[in-house]
Protein chains: 2
Amino acid sequence: MAEEIGERAQHLLKVLVESYIRNGQPVGSRLLARDSGLDVSAATVRNAMADLEELGMVSSPHTSAGRIPTNKGYRMFVDSLLTVKPLTDREIMTLNDQLGGDGSNQELAASVSDYLAGMTEMAGMVMIPRTAKRSSLRHIEFMPLSDQRILAILVINEKDVQNTVIKVDRQYTTVELQQAANFLNSELVGRELFDVRHRILKELRETKDGMEQMMHQAISMAEQVFEQPASKSNADDFILSGQTRLMGFEELSNMEKLRGLFEAFNEKQEILQLLDSCLGGDGLQIFIGDESGYGVLDECSMVTSSYQVDGEVLGILGVIGPTRMAYERVIPIVDVTAKMVSAALAQSK
Amino acid sequence: MAEEIGERAQHLLKVLVESYIRNGQPVGSRLLARDSGLDVSAATVRNAMADLEELGMVSSPHTSAGRIPTNKGYRMFVDSLLTVKPLTDREIMTLNDQLGGDGSNQELAASVSDYLAGMTEMAGMVMIPRTAKRSSLRHIEFMPLSDQRILAILVINEKDVQNTVIKVDRQYTTVELQQAANFLNSELVGRELFDVRHRILKELRETKDGMEQMMHQAISMAEQVFEQPASKSNADDFILSGQTRLMGFEELSNMEKLRGLFEAFNEKQEILQLLDSCLGGDGLQIFIGDESGYGVLDECSMVTSSYQVDGEVLGILGVIGPTRMAYERVIPIVDVTAKMVSAALAQSK
DNA sequence: GTTTAGCACTCTACTATTGCGAGTGCTAAC
DNA sequence: GTTAGCACTCGCAATAGTAGAGTGCTAAAC
C-alpha cells in the first residue's frame with residue numbers, strides 16, 4: 001500500500017497521462033515504451049503498469065485496452081510530475097487588455113471569467129464572496145416605497161451598488177429617512193462591511209440608551225440591511241461563463257450527468273459552497289473528479305486560485321472542465337490570471 | 001396545392017398529431033384507423049395519408065414507419081383542430097399563490113417563469129421590455145464615484161431600482177449633485193420613462209436658455225442616464241428558467257443543436273428579438289419549429305402570450321419546448337398565466 | 001367513385017456469428 | 001531485473017439473417 005513508486009514508474013505514469021490527455025485513448029504498453037524515451041521493452045512497461053494498477057494509479061477499461069489514469073493517478077500527476085507550460089507574452093497581453101477597464105467589480109469579474117473560458121476552452125468562473133473583507137461602505141441611502149417598505153441603497157467600494165428592500169413597523173417620511181441615513185453615514189461610511197456586520201452595529205446598539213428614538217430606528221434598519229444573506233446579492237457574486245463549451249466534450253456526453261451539472265450551475269449553491277471552502281487554502285487548488293465530494297462534478301476537474309490584495313484573500317477564480325484536461329496549460333493560465341487580477345485590484349484600490 | 005382538406009382527413013390529422021405527441025412514435029395506418037373512432041379500414045386511412053403527405057402535413061421518416069406531423073401539420077393542428085384542456089382550479093390556485101408576493105417586478109417575473117417551467121415541464125420565460133410605457137419615474141439620485149464618474153440611481157414604479165454609471169466632464173461635489181437631483185426630481189418624478197426619454201428632456205433643453213448652469217448640467221446627466229440602452233439592464237429584463245429540462249427530451253439529444261440552443265439562451269439577444277416581435281400582435285402566439293427563422297429553435301416550439309394592463313402590452317411570457325409538446329395543455333397554461341399576471345399587475349398598480 | 005381486402009415490397013431494429021487487432025499476463029530465458 | 005515469446009481475452013466492426021411494421025398498388029366490392 002504505502003509502497004514507494006520507482007523513478008521509472010513515475011516517468012511512465014507521466015508519459016501515460018500526457019498521452020491520454022492528448023489523445024483520449026487508453027495507452028498500451030507498446031506505445032508507451034516507444035513514447036517514454038526510455039530504452040525499455042513493452043514487457044517491462046507492462047510490469048510497471050501492473051504495479052501502478054495495484055497502487056490504484058491506472059486502470060484498464062477492459063482486458064485488452066491500454067491503461068487510463070485514475071483520479072489518484074491524475075492527482076499524483078498534477079502534484080509531482082507535471083511540467084507546466086508558461087504563457088506566451090501575447091497571451092498575457094490579451095489578459096491585460098481585459099483587465100484594463102474601469103468598470104465595476106461585476107464587470108471585471110465577467111470579463112475575467114470570459115478570458116478564462118476563452119483561453120482554456122472550458123468553463124470559467126469568478127467568485128466575489130459576499131463576506132469579502134476589503135469592501136468598505138461608501139454611502140447608504142433610504143427611499144420610501146409603498147406601504148411599510150423601504151429601499152436601502154448601499155454604495156460599496158467606489159464601484160458597486162447593492163439594493164435591498166426592508167420592511168419596517170410604520171411609514172416614514174422622506175425627511176425622517178434622510179435623517180436616519182445621515183446618522184448612519186456619519187457612523188458607518190469608510191468602515192468595512194465585515195466590521196459593520198459583526199461589530200459596529202452591535203456597539204452602536206449597546207450605547208443606544210441615551211439616544212434619540214430616530215437613531216434607534218436607524219440602527220434597526222441598518223441591521224436589516226446588513227444582516228440579509230439576500231439570495232439576490234448572493235447569486236450576483238458568482239459569475240460563470242462558457243458553460244456550453246462543456247457540451248463539446250465526449251466524456252460529458254451523458255445527458256443525465258450533463259443535466260445534473262447544468263442544474264448545479266443554475267442553482268449555484270453547491271458550487272459556491274465548494275469555492276467557499278477554497279477561500280481558506282490560499283493559492284492554487286485543484287479538484288479532480290469526485291474529490292470535491294459533489295457527485296455532479298464526477299467527470300470534471302476544477303482548477304481554482306484565490307486572488308488577493310495585501311495578503312488578504314478577496315475571492316476565487318478558476319475553470320471547470322473534464323478531468324481529462326490539459327493541466328500543464330490550464331494551471332498556469334489560472335495561476336497567472338489570479339495574480340494579475342490581484343495586481344489590478346491592488347492598483348485600482 | 002390550394003386543395004381543400006376533407007373533413008375526415010382533418011380528423012385523421014388531429015388524431016395522428018395527438019397520438020404522436022403522446023407517444024413520440026410514428027403513427028401507422030392500422031393504429032390510426034382504430035384510434036380515430038371512424039369506421040374505416042387501414043387502407044382508407046392510407047389513402048388519406050397519401051393526400052396529407054402530398055399537402056405537406058405529414059411525412060414518413062422512412063418507407064416502413066408510420067407518419068409524423070410536419071411543422072405545417074402542427075400548424076394546422078394548433079390553428080384549427082386543437083381542443084384545449086382547461087386548467088383545474090387547483091392549478092390556478094397554485095399560480096395565484098405565486099403571484100401573491102409583493103416583491104419587485106424582477107422577483108415576480110422569476111416566480112412566474114418558474115411556474116411556467118414547472119407546470120409545463122419545459123423552459124419558462126418572462127420578458128419585461130425596457131421600453132415598457134407604464135414605468136414611471138419615482139426618484140432619481142446621484143452619487144459621486146471616483147474620478148469623473150457618477151452613479152445614478154433610478155427608482156421606477158414603486159419597486160424597481162436601476163443603477164447606471166455615467167461619465168461627466170469634471171468632478172462634482174455631493175452638494176452639487178444633490179441640487180441636480182432635486183431639480184430633476186421636481187421636473188421628472190411621476191413621469192413615464194417613455195415620455196422622459198422621448199419628449200420631456202428635449203423640452204427642458206429647449207427652454208434652457210434662461211437656465212442656470214447647474215440645471216443645464218443636470219439635464220446633460222439625465223440624458224446620459226435615460227439614453228443608455230445599457231446592456232446590463234437589457235439583460236435583466238429577460239428571465240428564463242428550467243432550461244435544463246430541455247435536456248430531457250430525446251428530440252433534443254443532439255448535442256450540437258442543444259449547445260446552440262443553450263448558447264442562444266446565454267446570449268439572450270436573438271431570443272429577445274424574437275420576443276420583441278411578439279409585442280405587436282397581442283394575445284397568444286405560437287412559433288412552431290423553424291417558423292421563427294432562428295435556426296437554433298429548429299426542433300422547438302415557443303408558446304407565448306403578452307400580458308397587459310388597461311389594454312397596453314407590458315411584456316411577453318411563455319414557454320419553450322420541443323415541437324412535439326402537449327399544446328392542448330401548454331396553451332391554456334400560458335394563456336391563463338398571462339391573464340393572471342395582467343390582473344395582478346393591474347391590482348398592484 | 002369510394003372503400004376495402006390482399007399482397008408484394010421495403011426498411012428498420014435486433015440478434016447472432018465471425019474475424020481482426022490491440023493489448024494483456026504469464027513463463028522461461030537472458 | 002529485463003526481455004522475448006505466446007496463448008488468451010476482449011471489444012469492435014462487418015456481415016448476414018430474421019421478424020415486424022407499414023407502405024403502395026391493384027383489383028374487387030359497395
# chains A, B, ... in the order shown; residues from 1 in each chain; ligands from 1
>>> residues_around(residues="stretch 21-29 of chain D", least_positions_apart="4", cutoff="7 Å", atoms="only C-alpha atoms (C1' of nucleotides)", output="count of residues only")
5
>>> residues_around(residues="B:Ile320", least_positions_apart="6", cutoff="12 Å", atoms="only C-alpha atoms (C1' of nucleotides)", output="PyMOL selection string")
chain B and resi 113+116-117+120-126+240-246+261-262+265+271+275+286-289+296-304+326-327+330-331+334
>>> write_last_selection(atoms="N, CA, C and O atoms", output="short mmCIF file (atom, residue, chain, number, x, y, z; two decimals), in the first residue's frame")
data_model
loop_
_atom_site.label_atom_id
_atom_site.label_comp_id
_atom_site.auth_asym_id
_atom_site.auth_seq_id
_atom_site.Cartn_x
_atom_site.Cartn_y
_atom_site.Cartn_z
N SER B 113 -41.93 32.71 -14.20
CA SER B 113 -41.15 31.86 -15.08
C SER B 113 -41.01 30.46 -14.49
O SER B 113 -41.16 29.45 -15.18
N LEU B 116 -44.29 28.61 -14.90
CA LEU B 116 -44.47 28.11 -16.27
C LEU B 116 -43.62 26.87 -16.51
O LEU B 116 -44.07 25.88 -17.07
N ALA B 117 -42.38 26.95 -16.09
CA ALA B 117 -41.47 25.82 -16.30
C ALA B 117 -41.97 24.60 -15.54
O ALA B 117 -41.98 23.49 -16.07
N THR B 120 -45.36 23.13 -17.14
CA THR B 120 -45.25 22.52 -18.47
C THR B 120 -44.10 21.52 -18.54
O THR B 120 -43.98 20.81 -19.53
N GLU B 121 -43.27 21.51 -17.53
CA GLU B 121 -42.07 20.67 -17.54
C GLU B 121 -41.18 20.99 -18.73
O GLU B 121 -40.53 20.12 -19.30
N MET B 122 -41.18 22.25 -19.10
CA MET B 122 -40.27 22.71 -20.15
C MET B 122 -39.61 23.99 -19.61
O MET B 122 -39.58 24.19 -18.41
N ALA B 123 -39.09 24.80 -20.52
CA ALA B 123 -38.45 26.03 -20.06
C ALA B 123 -39.46 27.18 -20.07
O ALA B 123 -40.23 27.31 -21.01
N GLY B 124 -39.46 27.96 -19.01
CA GLY B 124 -40.36 29.11 -18.92
C GLY B 124 -39.61 30.40 -19.12
O GLY B 124 -38.42 30.49 -18.83
N MET B 125 -40.28 31.39 -19.64
CA MET B 125 -39.60 32.68 -19.82
C MET B 125 -40.56 33.84 -19.60
O MET B 125 -41.76 33.74 -19.86
N VAL B 126 -40.01 34.93 -19.13
CA VAL B 126 -40.79 36.14 -18.95
C VAL B 126 -39.93 37.30 -19.40
O VAL B 126 -38.77 37.41 -19.01
N LEU B 240 -35.33 33.50 -17.73
CA LEU B 240 -35.55 32.17 -18.29
C LEU B 240 -35.32 31.17 -17.18
O LEU B 240 -34.39 31.32 -16.40
N SER B 241 -36.17 30.17 -17.09
CA SER B 241 -35.90 29.15 -16.07
C SER B 241 -36.28 27.77 -16.56
O SER B 241 -37.08 27.63 -17.48
N GLY B 242 -35.64 26.80 -15.96
CA GLY B 242 -35.94 25.41 -16.32
C GLY B 242 -35.33 24.98 -17.64
O GLY B 242 -35.75 24.00 -18.22
N GLN B 243 -34.33 25.74 -18.12
CA GLN B 243 -33.70 25.35 -19.38
C GLN B 243 -33.26 23.90 -19.36
O GLN B 243 -33.37 23.19 -20.36
N THR B 244 -32.73 23.49 -18.22
CA THR B 244 -32.15 22.15 -18.19
C THR B 244 -33.18 21.06 -18.46
O THR B 244 -32.82 19.97 -18.87
N ARG B 245 -34.44 21.38 -18.23
CA ARG B 245 -35.45 20.37 -18.53
C ARG B 245 -35.40 19.97 -19.99
O ARG B 245 -35.76 18.86 -20.36
N LEU B 246 -35.00 20.91 -20.82
CA LEU B 246 -34.98 20.62 -22.25
C LEU B 246 -33.99 19.50 -22.57
O LEU B 246 -34.10 18.84 -23.60
N LEU B 261 -28.65 25.91 -28.80
CA LEU B 261 -29.80 26.43 -28.08
C LEU B 261 -29.38 27.10 -26.77
O LEU B 261 -29.78 28.23 -26.47
N PHE B 262 -28.54 26.42 -26.04
CA PHE B 262 -28.11 26.98 -24.75
C PHE B 262 -27.24 28.20 -24.94
O PHE B 262 -27.27 29.12 -24.12
N PHE B 265 -29.58 30.91 -25.36
CA PHE B 265 -30.13 31.31 -24.06
C PHE B 265 -29.17 32.24 -23.35
O PHE B 265 -29.58 33.22 -22.72
N ILE B 271 -33.15 35.63 -28.85
CA ILE B 271 -34.46 35.30 -28.29
C ILE B 271 -35.23 36.59 -27.99
O ILE B 271 -36.44 36.68 -28.24
N LEU B 275 -38.91 37.74 -29.22
CA LEU B 275 -39.99 38.11 -28.32
C LEU B 275 -40.47 39.52 -28.59
O LEU B 275 -41.66 39.82 -28.51
N ILE B 286 -47.82 31.41 -31.27
CA ILE B 286 -47.10 30.14 -31.27
C ILE B 286 -46.13 30.09 -32.43
O ILE B 286 -46.50 30.39 -33.57
N PHE B 287 -44.88 29.76 -32.12
CA PHE B 287 -43.89 29.53 -33.17
C PHE B 287 -43.57 28.06 -33.20
O PHE B 287 -43.17 27.49 -32.19
N ILE B 288 -43.77 27.47 -34.35
CA ILE B 288 -43.52 26.05 -34.46
C ILE B 288 -42.25 25.80 -35.24
O ILE B 288 -42.10 26.28 -36.36
N GLY B 289 -41.35 25.03 -34.62
CA GLY B 289 -40.12 24.67 -35.31
C GLY B 289 -39.39 25.90 -35.78
O GLY B 289 -39.25 26.88 -35.05
N VAL B 296 -31.56 27.93 -34.29
CA VAL B 296 -31.36 27.19 -33.04
C VAL B 296 -32.66 26.64 -32.49
O VAL B 296 -32.66 25.70 -31.70
N LEU B 297 -33.76 27.21 -32.90
CA LEU B 297 -35.04 26.74 -32.39
C LEU B 297 -35.64 25.66 -33.29
O LEU B 297 -36.84 25.40 -33.25
N ASP B 298 -34.77 25.06 -34.06
CA ASP B 298 -35.20 24.13 -35.08
C ASP B 298 -36.25 23.12 -34.60
O ASP B 298 -37.33 23.04 -35.18
N GLU B 299 -35.93 22.39 -33.61
CA GLU B 299 -36.82 21.31 -33.16
C GLU B 299 -37.71 21.78 -32.02
O GLU B 299 -38.27 20.97 -31.30
N CYS B 300 -37.78 23.09 -31.85
CA CYS B 300 -38.50 23.61 -30.70
C CYS B 300 -39.72 24.41 -31.12
O CYS B 300 -39.81 24.91 -32.24
N SER B 301 -40.65 24.53 -30.22
CA SER B 301 -41.73 25.47 -30.40
C SER B 301 -41.75 26.43 -29.21
O SER B 301 -41.30 26.10 -28.12
N MET B 302 -42.26 27.62 -29.47
CA MET B 302 -42.46 28.58 -28.41
C MET B 302 -43.94 28.92 -28.34
O MET B 302 -44.56 29.15 -29.37
N VAL B 303 -44.47 28.90 -27.14
CA VAL B 303 -45.84 29.38 -26.96
C VAL B 303 -45.75 30.61 -26.08
O VAL B 303 -45.25 30.54 -24.96
N THR B 304 -46.18 31.74 -26.61
CA THR B 304 -46.04 32.99 -25.86
C THR B 304 -47.37 33.72 -25.78
O THR B 304 -48.27 33.48 -26.57
N ALA B 326 -47.25 19.05 -25.61
CA ALA B 326 -48.69 18.87 -25.40
C ALA B 326 -49.39 20.22 -25.50
O ALA B 326 -49.78 20.82 -24.50
N TYR B 327 -49.58 20.68 -26.74
CA TYR B 327 -50.14 22.02 -26.95
C TYR B 327 -51.47 22.22 -26.23
O TYR B 327 -51.72 23.28 -25.68
N VAL B 330 -50.37 23.09 -22.83
CA VAL B 330 -49.45 24.22 -22.70
C VAL B 330 -50.16 25.53 -23.03
O VAL B 330 -49.99 26.54 -22.34
N ILE B 331 -50.98 25.50 -24.05
CA ILE B 331 -51.62 26.75 -24.49
C ILE B 331 -52.50 27.37 -23.40
O ILE B 331 -52.34 28.55 -23.09
N VAL B 334 -50.22 28.89 -20.62
CA VAL B 334 -49.62 30.19 -20.96
C VAL B 334 -50.69 31.27 -20.99
O VAL B 334 -50.49 32.38 -20.47
#
>>> interface_residues(of="chain A", to="chain B", cutoff="9 Å", atoms="only C-alpha atoms", output="PyMOL selection string")
chain A and resi 103+139+143-146+151+153+155+158-159+161+163+165+241-245+247-248+253+255-256+258-260+262-263+266
>>> write_last_selection(atoms="N, CA, C and O atoms", output="short mmCIF file (atom, residue, chain, number, x, y, z; two decimals), in the first residue's frame")
data_model
loop_
_atom_site.label_atom_id
_atom_site.label_comp_id
_atom_site.auth_asym_id
_atom_site.auth_seq_id
_atom_site.Cartn_x
_atom_site.Cartn_y
_atom_site.Cartn_z
N GLY A 103 -14.60 49.37 -15.08
CA GLY A 103 -15.98 49.06 -14.73
C GLY A 103 -16.09 48.60 -13.29
O GLY A 103 -15.14 48.67 -12.53
N HIS A 139 -21.54 54.75 1.07
CA HIS A 139 -22.71 55.58 1.24
C HIS A 139 -23.92 54.69 1.49
O HIS A 139 -24.01 53.59 0.95
N MET A 143 -34.99 55.12 0.78
CA MET A 143 -36.01 55.72 -0.04
C MET A 143 -37.33 55.03 0.28
O MET A 143 -37.37 53.81 0.37
N PRO A 144 -38.36 55.78 0.51
CA PRO A 144 -39.62 55.13 0.88
C PRO A 144 -40.27 54.48 -0.34
O PRO A 144 -40.32 55.08 -1.41
N LEU A 145 -40.75 53.28 -0.14
CA LEU A 145 -41.57 52.65 -1.18
C LEU A 145 -43.00 52.66 -0.64
O LEU A 145 -43.29 53.28 0.36
N SER A 146 -43.86 51.94 -1.32
CA SER A 146 -45.24 51.93 -0.83
C SER A 146 -45.31 51.14 0.48
O SER A 146 -44.43 50.36 0.80
N LEU A 151 -36.58 51.11 0.50
CA LEU A 151 -35.48 50.68 -0.34
C LEU A 151 -34.18 51.23 0.24
O LEU A 151 -34.05 52.43 0.43
N ILE A 153 -30.15 51.61 -0.31
CA ILE A 153 -29.14 51.55 -1.36
C ILE A 153 -27.77 51.67 -0.72
O ILE A 153 -27.50 52.64 0.01
N VAL A 155 -23.72 51.90 -1.42
CA VAL A 155 -22.63 52.00 -2.38
C VAL A 155 -21.39 51.49 -1.68
O VAL A 155 -21.06 51.91 -0.57
N GLU A 158 -16.46 52.17 -4.01
CA GLU A 158 -16.30 53.05 -5.16
C GLU A 158 -17.10 52.62 -6.38
O GLU A 158 -17.34 53.40 -7.28
N LYS A 159 -17.44 51.37 -6.46
CA LYS A 159 -17.91 50.91 -7.76
C LYS A 159 -19.21 50.13 -7.71
O LYS A 159 -19.94 50.08 -8.69
N VAL A 161 -22.88 48.72 -6.32
CA VAL A 161 -24.11 49.18 -5.70
C VAL A 161 -24.96 47.98 -5.34
O VAL A 161 -25.00 47.00 -6.07
N ASN A 163 -28.85 46.94 -3.76
CA ASN A 163 -30.16 47.40 -3.31
C ASN A 163 -30.81 46.35 -2.44
O ASN A 163 -30.76 45.17 -2.74
N VAL A 165 -34.51 45.71 -0.16
CA VAL A 165 -35.78 46.20 0.33
C VAL A 165 -35.97 45.70 1.76
O VAL A 165 -35.81 44.51 2.01
N SER A 241 -19.00 31.50 -16.99
CA SER A 241 -19.20 31.69 -18.43
C SER A 241 -18.62 30.54 -19.22
O SER A 241 -17.74 29.83 -18.75
N GLY A 242 -19.14 30.38 -20.40
CA GLY A 242 -18.64 29.33 -21.28
C GLY A 242 -19.10 27.94 -20.89
O GLY A 242 -18.51 26.96 -21.34
N GLN A 243 -20.16 27.88 -20.08
CA GLN A 243 -20.64 26.54 -19.68
C GLN A 243 -20.89 25.66 -20.88
O GLN A 243 -20.61 24.47 -20.85
N THR A 244 -21.43 26.29 -21.93
CA THR A 244 -21.84 25.47 -23.06
C THR A 244 -20.66 24.76 -23.71
O THR A 244 -20.84 23.75 -24.37
N ARG A 245 -19.47 25.28 -23.50
CA ARG A 245 -18.32 24.58 -24.08
C ARG A 245 -18.21 23.17 -23.55
O ARG A 245 -17.70 22.28 -24.21
N MET A 247 -20.35 21.12 -23.25
CA MET A 247 -21.15 20.18 -24.03
C MET A 247 -20.34 19.55 -25.15
O MET A 247 -20.75 18.56 -25.72
N GLY A 248 -19.23 20.15 -25.47
CA GLY A 248 -18.44 19.65 -26.58
C GLY A 248 -17.57 18.45 -26.23
O GLY A 248 -17.06 17.78 -27.12
N SER A 253 -20.79 13.52 -22.49
CA SER A 253 -21.91 13.42 -23.43
C SER A 253 -23.09 12.65 -22.83
O SER A 253 -24.12 12.53 -23.45
N MET A 255 -26.17 12.57 -21.12
CA MET A 255 -27.13 13.66 -20.91
C MET A 255 -27.52 13.80 -19.44
O MET A 255 -27.65 14.91 -18.93
N GLU A 256 -27.71 12.69 -18.78
CA GLU A 256 -28.08 12.73 -17.36
C GLU A 256 -27.08 13.57 -16.56
O GLU A 256 -27.44 14.49 -15.85
N LEU A 258 -24.73 15.57 -17.60
CA LEU A 258 -24.60 16.93 -18.09
C LEU A 258 -25.72 17.78 -17.52
O LEU A 258 -25.51 18.91 -17.07
N ARG A 259 -26.89 17.21 -17.50
CA ARG A 259 -28.03 17.96 -16.97
C ARG A 259 -27.82 18.27 -15.50
O ARG A 259 -28.05 19.38 -15.05
N GLY A 260 -27.36 17.27 -14.77
CA GLY A 260 -27.07 17.50 -13.36
C GLY A 260 -26.07 18.63 -13.18
O GLY A 260 -26.24 19.51 -12.33
N PHE A 262 -25.44 21.14 -15.24
CA PHE A 262 -26.02 22.43 -15.57
C PHE A 262 -27.02 22.88 -14.53
O PHE A 262 -27.16 24.08 -14.27
N GLU A 263 -27.70 21.93 -13.93
CA GLU A 263 -28.59 22.32 -12.86
C GLU A 263 -27.79 22.88 -11.68
O GLU A 263 -28.19 23.85 -11.06
N ASN A 266 -26.96 26.34 -12.39
CA ASN A 266 -28.09 27.25 -12.18
C ASN A 266 -28.34 27.49 -10.70
O ASN A 266 -28.61 28.62 -10.29
#
>>> interface_residues(of="chain C", to="chain B", cutoff="10 Å", atoms="only C-alpha atoms (C1' of nucleotides)", output="VMD selection string")
chain C and resid 2 to 5 10 to 12
>>> write_last_selection(atoms="N, CA, C and O atoms (P, O5', C5', C4', C3', O3' and C1' of nucleotides)", output="compact mmCIF listing (two decimals), in the first residue's frame")
# COMPACT_ATOMS: atom_id res chain seq x y z
P DT C 2 -64.38 9.99 -55.26
O5' DT C 2 -64.57 9.06 -53.98
C5' DT C 2 -65.88 8.96 -53.40
C4' DT C 2 -65.97 7.67 -52.63
C3' DT C 2 -64.82 7.43 -51.66
O3' DT C 2 -65.38 7.18 -50.38
C1' DT C 2 -65.24 5.49 -52.94
P DT C 3 -64.51 7.11 -49.11
O5' DT C 3 -64.41 5.53 -48.89
C5' DT C 3 -65.61 4.79 -48.70
C4' DT C 3 -65.31 3.32 -48.75
C3' DT C 3 -64.20 2.86 -47.80
O3' DT C 3 -64.74 1.89 -46.92
C1' DT C 3 -63.92 1.92 -49.96
P DT C 4 -63.91 1.40 -45.68
O5' DT C 4 -63.37 0.01 -46.23
C5' DT C 4 -64.29 -0.97 -46.66
C4' DT C 4 -63.58 -2.07 -47.41
C3' DT C 4 -62.42 -2.72 -46.65
O3' DT C 4 -62.79 -4.04 -46.30
C1' DT C 4 -61.89 -2.32 -48.95
P DA C 5 -62.02 -4.76 -45.14
O5' DA C 5 -61.22 -5.83 -45.98
C5' DA C 5 -61.94 -6.69 -46.86
C4' DA C 5 -60.99 -7.39 -47.80
C3' DA C 5 -59.81 -8.09 -47.11
O3' DA C 5 -59.73 -9.41 -47.61
C1' DA C 5 -59.02 -6.63 -48.81
P DT C 10 -38.60 -3.87 -53.09
O5' DT C 10 -38.62 -2.94 -51.80
C5' DT C 10 -39.49 -1.81 -51.76
C4' DT C 10 -39.32 -1.11 -50.43
C3' DT C 10 -37.88 -1.04 -49.95
O3' DT C 10 -37.64 0.27 -49.48
C1' DT C 10 -39.25 -2.01 -48.29
P DC C 11 -36.13 0.80 -49.42
O5' DC C 11 -35.97 0.93 -47.85
C5' DC C 11 -36.94 1.70 -47.13
C4' DC C 11 -36.93 1.27 -45.70
C3' DC C 11 -35.53 1.12 -45.11
O3' DC C 11 -35.32 2.15 -44.16
C1' DC C 11 -36.99 -0.65 -44.45
P DT C 12 -33.98 2.21 -43.32
O5' DT C 12 -34.44 1.62 -41.92
C5' DT C 12 -35.60 2.16 -41.31
C4' DT C 12 -35.88 1.43 -40.01
C3' DT C 12 -34.68 1.36 -39.08
O3' DT C 12 -35.12 1.69 -37.78
C1' DT C 12 -35.51 -0.83 -39.51
>>> select_by_dssp(residues="stretch 130-299 of chain B", states="strand (DSSP E)", output="PyMOL selection string")
chain B and resi 137-144+149-156+160-167+238-241+284-288
>>> write_last_selection(atoms="N, CA and C atoms", output="CSV table (one decimal), in the first residue's frame")
chain,number,residue,atom,x,y,z
B,137,LEU,N,-41.2,57.2,-13.3
B,137,LEU,CA,-40.1,57.5,-12.5
B,137,LEU,C,-40.5,58.0,-11.1
B,138,ARG,N,-39.9,57.4,-10.1
B,138,ARG,CA,-40.3,57.8,-8.8
B,138,ARG,C,-39.2,58.6,-8.1
B,139,HIS,N,-38.0,58.4,-8.4
B,139,HIS,CA,-36.9,59.1,-7.8
B,139,HIS,C,-35.7,59.0,-8.6
B,140,ILE,N,-34.9,60.0,-8.6
B,140,ILE,CA,-33.6,59.9,-9.2
B,140,ILE,C,-32.5,60.5,-8.2
B,141,GLU,N,-31.4,59.9,-8.2
B,141,GLU,CA,-30.4,60.3,-7.2
B,141,GLU,C,-29.0,60.1,-7.8
B,142,PHE,N,-28.1,61.1,-7.5
B,142,PHE,CA,-26.7,60.9,-8.0
B,142,PHE,C,-25.8,60.7,-6.8
B,143,MET,N,-24.7,60.0,-7.1
B,143,MET,CA,-23.7,59.8,-6.0
B,143,MET,C,-22.4,59.9,-6.7
B,144,PRO,N,-21.4,60.6,-6.2
B,144,PRO,CA,-20.1,60.7,-6.8
B,144,PRO,C,-19.3,59.4,-6.6
B,149,ARG,N,-16.7,59.9,-12.6
B,149,ARG,CA,-17.8,59.0,-12.8
B,149,ARG,C,-18.9,59.3,-11.7
B,150,ILE,N,-20.1,59.2,-12.1
B,150,ILE,CA,-21.2,59.4,-11.2
B,150,ILE,C,-22.1,58.2,-11.3
B,151,LEU,N,-22.6,57.8,-10.1
B,151,LEU,CA,-23.6,56.7,-10.1
B,151,LEU,C,-24.9,57.3,-10.0
B,152,ALA,N,-25.8,56.9,-11.0
B,152,ALA,CA,-27.1,57.4,-11.0
B,152,ALA,C,-28.0,56.3,-10.6
B,153,ILE,N,-28.9,56.6,-9.7
B,153,ILE,CA,-29.9,55.6,-9.2
B,153,ILE,C,-31.3,56.0,-9.5
B,154,LEU,N,-32.0,55.1,-10.3
B,154,LEU,CA,-33.4,55.4,-10.6
B,154,LEU,C,-34.3,54.5,-9.8
B,155,VAL,N,-35.3,55.0,-9.2
B,155,VAL,CA,-36.3,54.2,-8.7
B,155,VAL,C,-37.5,54.3,-9.6
B,156,ILE,N,-38.0,53.1,-10.0
B,156,ILE,CA,-39.0,53.1,-11.0
B,156,ILE,C,-40.2,52.3,-10.5
B,160,ASP,N,-38.9,48.9,-8.5
B,160,ASP,CA,-37.6,48.5,-9.2
B,160,ASP,C,-36.6,49.6,-9.2
B,161,VAL,N,-35.4,49.2,-9.1
B,161,VAL,CA,-34.3,50.1,-9.0
B,161,VAL,C,-33.3,49.8,-10.1
B,162,GLN,N,-32.7,50.8,-10.6
B,162,GLN,CA,-31.8,50.7,-11.7
B,162,GLN,C,-30.6,51.6,-11.5
B,163,ASN,N,-29.4,51.0,-11.6
B,163,ASN,CA,-28.2,51.8,-11.4
B,163,ASN,C,-27.5,52.0,-12.7
B,164,THR,N,-27.0,53.1,-12.9
B,164,THR,CA,-26.2,53.4,-14.1
B,164,THR,C,-25.0,54.3,-13.7
B,165,VAL,N,-23.9,54.0,-14.3
B,165,VAL,CA,-22.7,54.8,-14.1
B,165,VAL,C,-22.6,55.7,-15.3
B,166,ILE,N,-22.5,57.0,-15.1
B,166,ILE,CA,-22.3,57.9,-16.2
B,166,ILE,C,-21.0,58.6,-16.0
B,167,LYS,N,-20.4,59.2,-17.1
B,167,LYS,CA,-19.2,59.9,-17.0
B,167,LYS,C,-19.4,61.4,-17.3
B,238,PHE,N,-35.0,39.9,-19.0
B,238,PHE,CA,-35.4,38.6,-19.7
B,238,PHE,C,-35.1,37.5,-18.7
B,239,ILE,N,-36.1,36.8,-18.3
B,239,ILE,CA,-35.8,35.8,-17.3
B,239,ILE,C,-36.2,34.4,-17.8
B,240,LEU,N,-35.3,33.5,-17.7
B,240,LEU,CA,-35.6,32.2,-18.3
B,240,LEU,C,-35.3,31.2,-17.2
B,241,SER,N,-36.2,30.2,-17.1
B,241,SER,CA,-35.9,29.1,-16.1
B,241,SER,C,-36.3,27.8,-16.6
B,284,LEU,N,-52.1,35.4,-27.6
B,284,LEU,CA,-51.3,34.2,-27.7
B,284,LEU,C,-50.7,34.1,-29.0
B,285,GLN,N,-49.4,33.7,-29.0
B,285,GLN,CA,-48.7,33.4,-30.3
B,285,GLN,C,-47.9,32.1,-30.2
B,286,ILE,N,-47.8,31.4,-31.3
B,286,ILE,CA,-47.1,30.1,-31.3
B,286,ILE,C,-46.1,30.1,-32.4
B,287,PHE,N,-44.9,29.8,-32.1
B,287,PHE,CA,-43.9,29.5,-33.2
B,287,PHE,C,-43.6,28.1,-33.2
B,288,ILE,N,-43.8,27.5,-34.4
B,288,ILE,CA,-43.5,26.0,-34.5
B,288,ILE,C,-42.3,25.8,-35.2
>>> atom_distance(atom1="atom CA of B:Gln347", atom2="atom CA of B:Leu99")
11.2 Å
>>> residues_around(residues="C:DT18", least_positions_apart="5", cutoff="12 Å", atoms="only C-alpha atoms (C1' of nucleotides)", output="PyMOL selection string")
chain D and resi 12-16
>>> select_by_dssp(residues="stretch 124-349 of chain A", states="alpha helix (DSSP H)", output="NGL selection string")
:A and (174-188 or 193-195 or 201-206 or 213-227 or 231-236 or 255-267 or 269-280 or 327-347)
